[in-house]
$ cat upload30.txt   # compact mmCIF, C-alpha atoms
# COMPACT_ATOMS: atom_id res chain seq x y z
CA MET U 1 75.49 86.06 81.87
CA TYR U 2 74.60 82.38 81.93
CA GLN U 3 71.26 81.43 83.48
CA ARG U 4 68.44 78.95 83.12
CA ILE U 5 64.83 79.21 84.27
CA ASP U 6 63.42 75.78 85.13
CA ALA U 7 59.83 74.57 85.16
CA GLU U 8 59.29 75.64 88.77
CA GLY U 9 60.19 79.23 87.94
CA TYR U 10 63.62 79.26 89.60
CA ASN U 11 66.54 81.21 88.19
CA ASN U 12 69.69 79.06 88.13
CA TYR U 13 73.07 80.53 87.17
CA GLN U 14 75.44 78.35 85.16
CA ALA U 15 79.07 79.18 84.40
CA PRO U 16 80.44 78.06 81.01
CA PRO U 17 81.81 74.49 81.07
CA ASN U 18 85.55 73.75 81.40
CA THR U 19 86.31 77.32 82.49
CA GLU U 20 89.25 77.88 84.83
CA ALA U 21 89.41 81.69 84.70
CA ILE U 22 87.59 83.86 87.24
CA TYR U 23 84.00 84.30 86.08
CA GLN U 24 82.58 87.80 85.78
CA PRO U 25 79.06 88.37 84.45
CA TYR U 26 80.01 91.58 82.60
CA ASP U 27 83.18 93.12 81.20
CA ILE U 28 83.13 96.44 83.05
CA LYS U 29 86.09 98.81 82.96
CA GLU U 30 87.39 100.09 86.31
CA PRO U 31 89.19 103.41 85.64
CA TYR U 32 91.60 104.97 88.15
CA TYR U 33 93.11 108.45 88.23
CA ASP U 34 95.43 110.14 90.73
CA SER U 35 97.07 113.57 90.45
CA PHE U 36 99.07 115.65 92.94
CA HIS U 37 100.18 119.29 92.65
CA LEU U 38 102.27 121.29 95.11
CA TRP U 39 103.19 124.98 95.12
CA SER U 40 105.41 126.66 97.73
CA LEU U 41 107.00 130.04 98.38
CA LYS U 42 109.76 130.92 100.87
CA VAL U 43 110.75 134.52 101.63
CA SER U 44 113.48 135.55 104.07
CA TYR U 45 114.50 138.92 105.49
CA ASP U 46 117.78 139.42 107.34
CA MET U 47 117.67 141.70 110.34
CA SER U 48 120.53 142.69 112.60
CA PHE U 49 119.56 140.31 115.42
CA ALA U 50 117.47 137.63 113.65
CA ASN U 51 116.30 136.19 110.38
CA LEU U 52 112.57 136.47 109.54
CA THR U 53 111.22 133.71 107.27
CA SER U 54 107.80 133.23 105.68
CA ALA U 55 107.01 129.76 104.28
CA SER U 56 103.78 129.32 102.31
CA SER U 57 102.46 126.22 100.58
CA TYR U 58 99.40 124.96 98.76
CA TRP U 59 98.79 121.42 97.55
CA LYS U 60 95.97 119.55 95.89
CA ARG U 61 95.39 115.85 95.32
CA ASP U 62 92.57 114.52 93.14
CA VAL U 63 91.83 110.79 93.16
CA TYR U 64 89.19 108.96 91.14
CA GLN U 65 88.78 105.21 91.53
CA SER U 66 86.09 102.71 90.65
CA THR U 67 85.26 99.05 91.03
CA ASP U 68 82.83 96.56 89.53
CA SER U 69 80.35 95.72 92.31
CA THR U 70 77.96 93.66 90.18
CA GLU U 71 78.43 90.33 91.95
CA ALA U 72 78.81 91.80 95.45
CA LEU U 73 75.48 93.62 95.33
CA GLN U 74 73.71 90.62 93.80
CA ASN U 75 74.79 88.62 96.83
CA ILE U 76 73.88 91.34 99.36
CA PHE U 77 70.44 92.21 97.95
CA ASN U 78 69.48 88.73 96.72
CA TYR U 79 68.75 89.77 93.13
CA THR U 80 67.58 87.04 90.76
CA ALA U 81 69.88 88.40 88.04
CA PHE U 82 73.13 90.32 87.90
CA VAL U 83 72.68 94.09 87.68
CA PRO U 84 75.69 95.64 85.87
CA ASN U 85 77.03 98.58 87.85
CA LEU U 86 80.19 100.50 88.65
CA TYR U 87 80.95 101.94 92.09
CA SER U 88 82.94 105.17 91.75
CA ASP U 89 84.69 107.34 94.36
CA ASN U 90 86.09 110.83 93.75
CA ASP U 91 88.32 112.18 96.55
CA THR U 92 89.69 115.73 96.33
CA THR U 93 91.94 117.16 99.05
CA THR U 94 93.44 120.66 99.25
CA GLN U 95 95.51 122.37 101.93
CA ILE U 96 96.99 125.82 102.39
CA ALA U 97 99.66 126.28 105.08
CA GLN U 98 101.57 129.29 106.36
CA GLU U 99 104.49 129.46 108.79
CA LEU U 100 106.19 132.63 110.05
CA ARG U 101 109.34 132.16 112.12
CA LEU U 102 112.08 134.34 113.63
CA THR U 103 115.53 132.78 114.09
CA SER U 104 118.38 134.30 116.08
CA ARG U 105 121.59 135.26 114.26
CA ALA U 106 123.90 135.79 117.21
CA GLU U 107 127.02 133.65 117.40
CA GLY U 108 127.02 133.41 121.21
CA ASP U 109 126.06 130.58 123.53
CA LEU U 110 122.31 131.31 123.22
CA GLN U 111 120.37 130.43 120.06
CA TRP U 112 116.58 130.64 119.69
CA VAL U 113 113.69 130.34 117.23
CA GLY U 114 110.00 131.21 117.53
CA GLY U 115 107.04 131.36 115.21
CA LEU U 116 103.43 130.95 114.20
CA TYR U 117 101.77 128.26 112.08
CA TYR U 118 98.39 127.99 110.34
CA SER U 119 96.84 125.42 108.00
CA ASN U 120 93.43 124.92 106.40
CA LEU U 121 92.66 121.50 104.90
CA HIS U 122 89.55 120.59 102.90
CA SER U 123 88.98 116.96 102.02
CA GLY U 124 86.14 114.61 101.29
CA TYR U 125 84.79 112.16 98.81
CA ILE U 126 81.83 111.83 96.50
CA THR U 127 80.67 108.28 95.83
CA LYS U 128 78.18 107.16 93.23
CA ASN U 129 76.55 103.80 92.61
CA GLN U 130 73.24 103.84 90.81
CA THR U 131 71.31 102.25 87.95
CA VAL U 132 67.61 101.76 87.30
CA GLY U 133 68.18 98.00 87.54
CA PHE U 134 68.54 98.25 91.31
CA VAL U 135 64.84 99.07 91.72
CA THR U 136 63.40 97.12 88.76
CA THR U 137 65.24 93.76 88.92
CA PRO U 138 63.36 91.06 90.89
CA ALA U 139 64.87 89.93 94.19
CA CYS U 140 64.23 87.01 96.53
CA PRO U 141 63.28 87.19 100.21
CA TYR U 142 66.16 86.14 102.45
CA GLY U 143 65.99 82.48 103.37
CA ASP U 144 63.59 81.67 100.51
CA GLY U 145 64.77 79.04 98.04
CA PRO U 146 67.78 76.72 97.96
CA SER U 147 70.36 79.54 97.72
CA ALA U 148 70.72 83.29 97.29
CA GLY U 149 68.91 84.73 94.28
CA HIS U 150 66.89 81.56 93.62
CA CYS U 151 63.23 81.53 94.54
CA PRO U 152 59.86 80.88 92.92
CA VAL U 153 58.60 83.69 90.70
CA ALA U 154 55.58 84.09 92.97
CA ASP U 155 57.86 85.08 95.86
CA GLN U 156 59.95 87.60 93.96
CA PHE U 157 59.68 91.37 94.53
CA THR U 158 61.37 94.58 93.40
CA TYR U 159 62.96 97.13 95.70
CA GLY U 160 61.26 99.89 93.76
CA ALA U 161 57.92 98.61 95.02
CA ILE U 162 58.87 98.36 98.69
CA ALA U 163 61.54 101.04 99.26
CA GLY U 164 59.62 104.05 98.03
CA SER U 165 60.64 106.77 95.59
CA ASN U 166 63.95 106.00 93.88
CA PRO U 167 63.37 106.32 90.11
CA GLU U 168 67.09 106.60 89.27
CA GLY U 169 67.96 103.40 91.10
CA ILE U 170 70.39 104.91 93.60
CA MET U 171 72.19 102.23 95.59
CA PHE U 172 74.65 104.39 97.56
CA ASN U 173 75.46 108.01 96.77
CA ASP U 174 77.39 110.02 99.35
CA ASN U 175 78.85 113.52 99.56
CA ASN U 176 81.18 113.68 102.56
CA PRO U 177 83.21 116.93 102.96
CA ASN U 178 85.64 117.54 105.85
CA ILE U 179 87.42 120.70 107.06
CA LEU U 180 90.41 120.74 109.40
CA LYS U 181 91.97 124.01 110.62
CA GLN U 182 95.11 124.15 112.77
CA LYS U 183 96.86 127.03 114.56
CA ALA U 184 100.08 126.89 116.57
CA ILE U 185 102.67 129.05 118.30
CA PHE U 186 106.10 127.63 119.07
CA GLY U 187 109.46 128.54 120.51
CA GLU U 188 112.78 126.83 121.21
CA ALA U 189 116.06 127.97 122.78
CA SER U 190 119.49 126.33 123.07
CA TYR U 191 122.22 127.34 125.50
CA LYS U 192 125.78 126.05 125.74
CA LEU U 193 126.45 125.38 129.43
CA THR U 194 130.03 124.46 128.51
CA PRO U 195 131.84 124.14 125.17
CA THR U 196 130.78 120.47 125.06
CA LEU U 197 127.42 120.50 126.92
CA LYS U 198 124.26 122.07 125.48
CA LEU U 199 120.72 122.35 126.85
CA THR U 200 117.73 122.81 124.54
CA ALA U 201 114.14 123.49 125.64
CA GLY U 202 111.03 124.19 123.60
CA LEU U 203 107.26 124.61 123.78
CA ARG U 204 104.52 124.31 121.17
CA PHE U 205 100.90 125.25 121.75
CA TYR U 206 98.34 124.28 119.12
CA LYS U 207 94.61 124.23 118.54
CA PHE U 208 92.65 122.42 115.86
CA ASP U 209 89.01 122.51 114.75
CA ILE U 210 87.48 119.79 112.58
CA GLY U 211 84.08 119.48 110.93
CA ASN U 212 82.51 116.64 108.97
CA ASN U 213 79.27 116.49 106.96
CA SER U 214 77.57 113.67 105.07
CA ASN U 215 74.68 113.53 102.63
CA GLN U 216 73.72 109.93 101.80
CA ARG U 217 70.89 108.43 99.79
CA GLY U 218 69.97 105.11 98.21
CA LEU U 219 68.95 101.52 98.97
CA GLY U 220 72.07 101.00 101.06
CA THR U 221 71.44 104.01 103.35
CA ALA U 222 69.19 104.72 106.32
CA SER U 223 66.29 105.99 104.17
CA GLY U 224 66.38 103.03 101.76
CA ASN U 225 65.49 105.30 98.83
CA ALA U 226 66.39 108.67 97.25
CA THR U 227 65.49 110.62 100.39
CA PRO U 228 68.75 112.11 101.74
CA THR U 229 70.11 111.27 105.17
CA ILE U 230 72.08 114.30 106.37
CA ALA U 231 74.41 114.32 109.36
CA SER U 232 77.27 116.41 110.71
CA ALA U 233 79.87 116.27 113.47
CA SER U 234 82.57 118.59 114.76
CA GLY U 235 85.27 118.79 117.39
CA SER U 236 88.24 120.78 118.61
CA ASN U 237 91.21 120.37 120.92
CA THR U 238 94.22 122.23 122.33
CA SER U 239 97.49 120.95 123.70
CA LEU U 240 100.80 122.26 125.09
CA LEU U 241 103.79 120.17 123.98
CA PRO U 242 107.12 120.57 125.84
CA LYS U 243 110.57 119.29 124.86
CA VAL U 244 113.91 119.19 126.71
CA ASN U 245 117.16 117.93 125.22
CA VAL U 246 120.65 117.63 126.73
CA SER U 247 123.56 116.89 124.42
CA TYR U 248 127.21 116.18 125.18
CA GLU U 249 129.83 116.43 122.43
CA PRO U 250 133.30 115.52 123.73
CA THR U 251 134.71 115.35 120.18
CA PRO U 252 133.44 116.53 116.75
CA ASP U 253 132.84 112.87 115.81
CA PHE U 254 130.88 111.79 118.88
CA THR U 255 127.65 113.15 120.42
CA LEU U 256 125.67 111.73 123.33
CA TYR U 257 122.19 113.14 123.97
CA SER U 258 118.96 112.54 125.86
CA THR U 259 115.51 113.92 125.03
CA ALA U 260 112.25 114.15 126.96
CA SER U 261 109.19 115.40 125.06
CA LYS U 262 105.44 115.16 124.77
CA GLY U 263 103.63 114.71 121.48
CA SER U 264 100.03 114.40 120.37
CA ARG U 265 97.94 114.33 117.24
CA ARG U 266 94.27 114.45 116.43
CA ALA U 267 92.42 111.14 116.36
CA GLY U 268 90.95 109.84 113.11
$ encode --input "upload30.txt" --output "structure tokens"
Amino acid sequence: MYQRIDAEGYNNYQAPPNTEAIYQPYDIKEPYYDSFHLWSLKVSYDMSFANLTSASSYWKRDVYQSTDSTEALQNIFNYTAFVPNLYSDNDTTTQIAQELRLTSRAEGDLQWVGGLYYSNLHSGYITKNQTVGFVTTPACPYGDGPSAGHCPVADQFTYGAIAGSNPEGIMFNDNNPNILKQKAIFGEASYKLTPTLKLTAGLRFYKFDIGNNSNQRGLGTASGNATPTIASASGSNTSLLPKVNVSYEPTPDFTLYSTASKGSRRAG
């Protein structure tokens, strides 16, 4: 870090002369990690009139990423010196899903399928950005001095003195888990009106429930210190989704069809 303190007590940053590269006050590593695992199992049982199939799956993704936020936080909080810090984010997501469906085996004009579906998804992220320097490094009042981070020593203050208890220097720590559960029942049938004309109709009814929680603390949160700010939210919805399709196949190489359907998905 290059700085000079003049006779008036101002802190003035100076980059090295004749430097064309991007200036960073500290050489801080920014590690990144991403892994994905998927397991699935399919079991079928042939009956005289239909085929019963069970499809199960479980997947997990674990992501860790980080970024050097030294300069950004110096600008936001008006510190008189750079505080070396690394902002890290760990996001783990898992989901288990199960589908049970029954499919017709008849060779006639009528074909059908029906089933049940369930999934349970857990996701969220844990962020961490803290160092003692956040509460012990002097800062300048906003609007004081010729530019950000420059002010007379007599005007300087520390966030540890004004923000209350935060001995570990937490800037922004957050634990934010989410749970999404979905259930559905569905059915579809196709009937050949003629050898070349087929009508297909289907319905799907689903319901989802979602819940979100957050536990935040630090200078950049509502409390301004290590006192946690805890909040939660939840919601649910149901919907009935129809589909109708008409297809015309005059030759094996040509098909003309028209579909009318309704679709929806959860917001967010």
$ closest_residue --input "upload30.txt" --among "U:Asn173, U:Ser236, U:Ser35, U:Gln182" --to "U:Ala222" --atoms "only C-alpha atoms"
U:Asn173
$ atom_distance --input "upload30.txt" --atom1 "atom CA of U:Ser119" --atom2 "atom CA of U:Ile185"
12.4 Å
$ atom_distance --input "upload30.txt" --atom1 "atom CA of U:Ser57" --atom2 "atom CA of U:Tyr45"
18.2 Å
$ residues_around --input "upload30.txt" --residues "U:Leu199" --least-positions-apart "4" --cutoff "12 Å" --atoms "all atoms listed in the file" --output "list of chain:residue names"
U:Asp109, U:Leu110, U:Gln111, U:Trp112, U:Glu188, U:Ala189, U:Ser190, U:Tyr191, U:Lys192, U:Leu193, U:Thr194, U:Pro195, U:Lys243, U:Val244, U:Asn245, U:Val246, U:Ser247, U:Tyr248, U:Glu249, U:Tyr257, U:Ser258, U:Thr259, U:Ala260
$ write_last_selection --input "upload30.txt" --atoms "C-alpha atoms" --output "compact mmCIF listing (two decimals), in the coordinates of the input"
# COMPACT_ATOMS: atom_id res chain seq x y z
CA ASP U 109 126.06 130.58 123.53
CA LEU U 110 122.31 131.31 123.22
CA GLN U 111 120.37 130.43 120.06
CA TRP U 112 116.58 130.64 119.69
CA GLU U 188 112.78 126.83 121.21
CA ALA U 189 116.06 127.97 122.78
CA SER U 190 119.49 126.33 123.07
CA TYR U 191 122.22 127.34 125.50
CA LYS U 192 125.78 126.05 125.74
CA LEU U 193 126.45 125.38 129.43
CA THR U 194 130.03 124.46 128.51
CA PRO U 195 131.84 124.14 125.17
CA LYS U 243 110.57 119.29 124.86
CA VAL U 244 113.91 119.19 126.71
CA ASN U 245 117.16 117.93 125.22
CA VAL U 246 120.65 117.63 126.73
CA SER U 247 123.56 116.89 124.42
CA TYR U 248 127.21 116.18 125.18
CA GLU U 249 129.83 116.43 122.43
CA TYR U 257 122.19 113.14 123.97
CA SER U 258 118.96 112.54 125.86
CA THR U 259 115.51 113.92 125.03
CA ALA U 260 112.25 114.15 126.96
$ residues_near_point --input "upload30.txt" --point "(76.5, 106.3, 93.5)" --cutoff "8 Å" --atoms "all atoms listed in the file" --output "PDB file with C-alpha atoms, keeping the file's coordinate frame"
ATOM      1  CA  TYR U  87      80.950 101.940  92.090  1.00  0.00           C
ATOM      2  CA  SER U  88      82.940 105.170  91.750  1.00  0.00           C
ATOM      3  CA  THR U 127      80.670 108.280  95.830  1.00  0.00           C
ATOM      4  CA  LYS U 128      78.180 107.160  93.230  1.00  0.00           C
ATOM      5  CA  ASN U 129      76.550 103.800  92.610  1.00  0.00           C
ATOM      6  CA  GLN U 130      73.240 103.840  90.810  1.00  0.00           C
ATOM      7  CA  ILE U 170      70.390 104.910  93.600  1.00  0.00           C
ATOM      8  CA  MET U 171      72.190 102.230  95.590  1.00  0.00           C
ATOM      9  CA  PHE U 172      74.650 104.390  97.560  1.00  0.00           C
ATOM     10  CA  ASN U 173      75.460 108.010  96.770  1.00  0.00           C
ATOM     11  CA  ASP U 174      77.390 110.020  99.350  1.00  0.00           C
TER      12      ASP U 174
END
$ residues_around --input "upload30.txt" --residues "stretch 80-83 of chain U" --least-positions-apart "4" --cutoff "7 Å" --atoms "all atoms listed in the file" --output "PDB file with C-alpha atoms, in the frame of the given file"
ATOM      1  CA  ASN U  11      66.540  81.210  88.190  1.00  0.00           C
ATOM      2  CA  THR U  70      77.960  93.660  90.180  1.00  0.00           C
ATOM      3  CA  GLU U  71      78.430  90.330  91.950  1.00  0.00           C
ATOM      4  CA  GLN U  74      73.710  90.620  93.800  1.00  0.00           C
ATOM      5  CA  GLY U 133      68.180  98.000  87.540  1.00  0.00           C
ATOM      6  CA  PHE U 134      68.540  98.250  91.310  1.00  0.00           C
ATOM      7  CA  PRO U 138      63.360  91.060  90.890  1.00  0.00           C
ATOM      8  CA  ALA U 139      64.870  89.930  94.190  1.00  0.00           C
ATOM      9  CA  CYS U 140      64.230  87.010  96.530  1.00  0.00           C
ATOM     10  CA  GLY U 149      68.910  84.730  94.280  1.00  0.00           C
ATOM     11  CA  HIS U 150      66.890  81.560  93.620  1.00  0.00           C
TER      12      HIS U 150
END
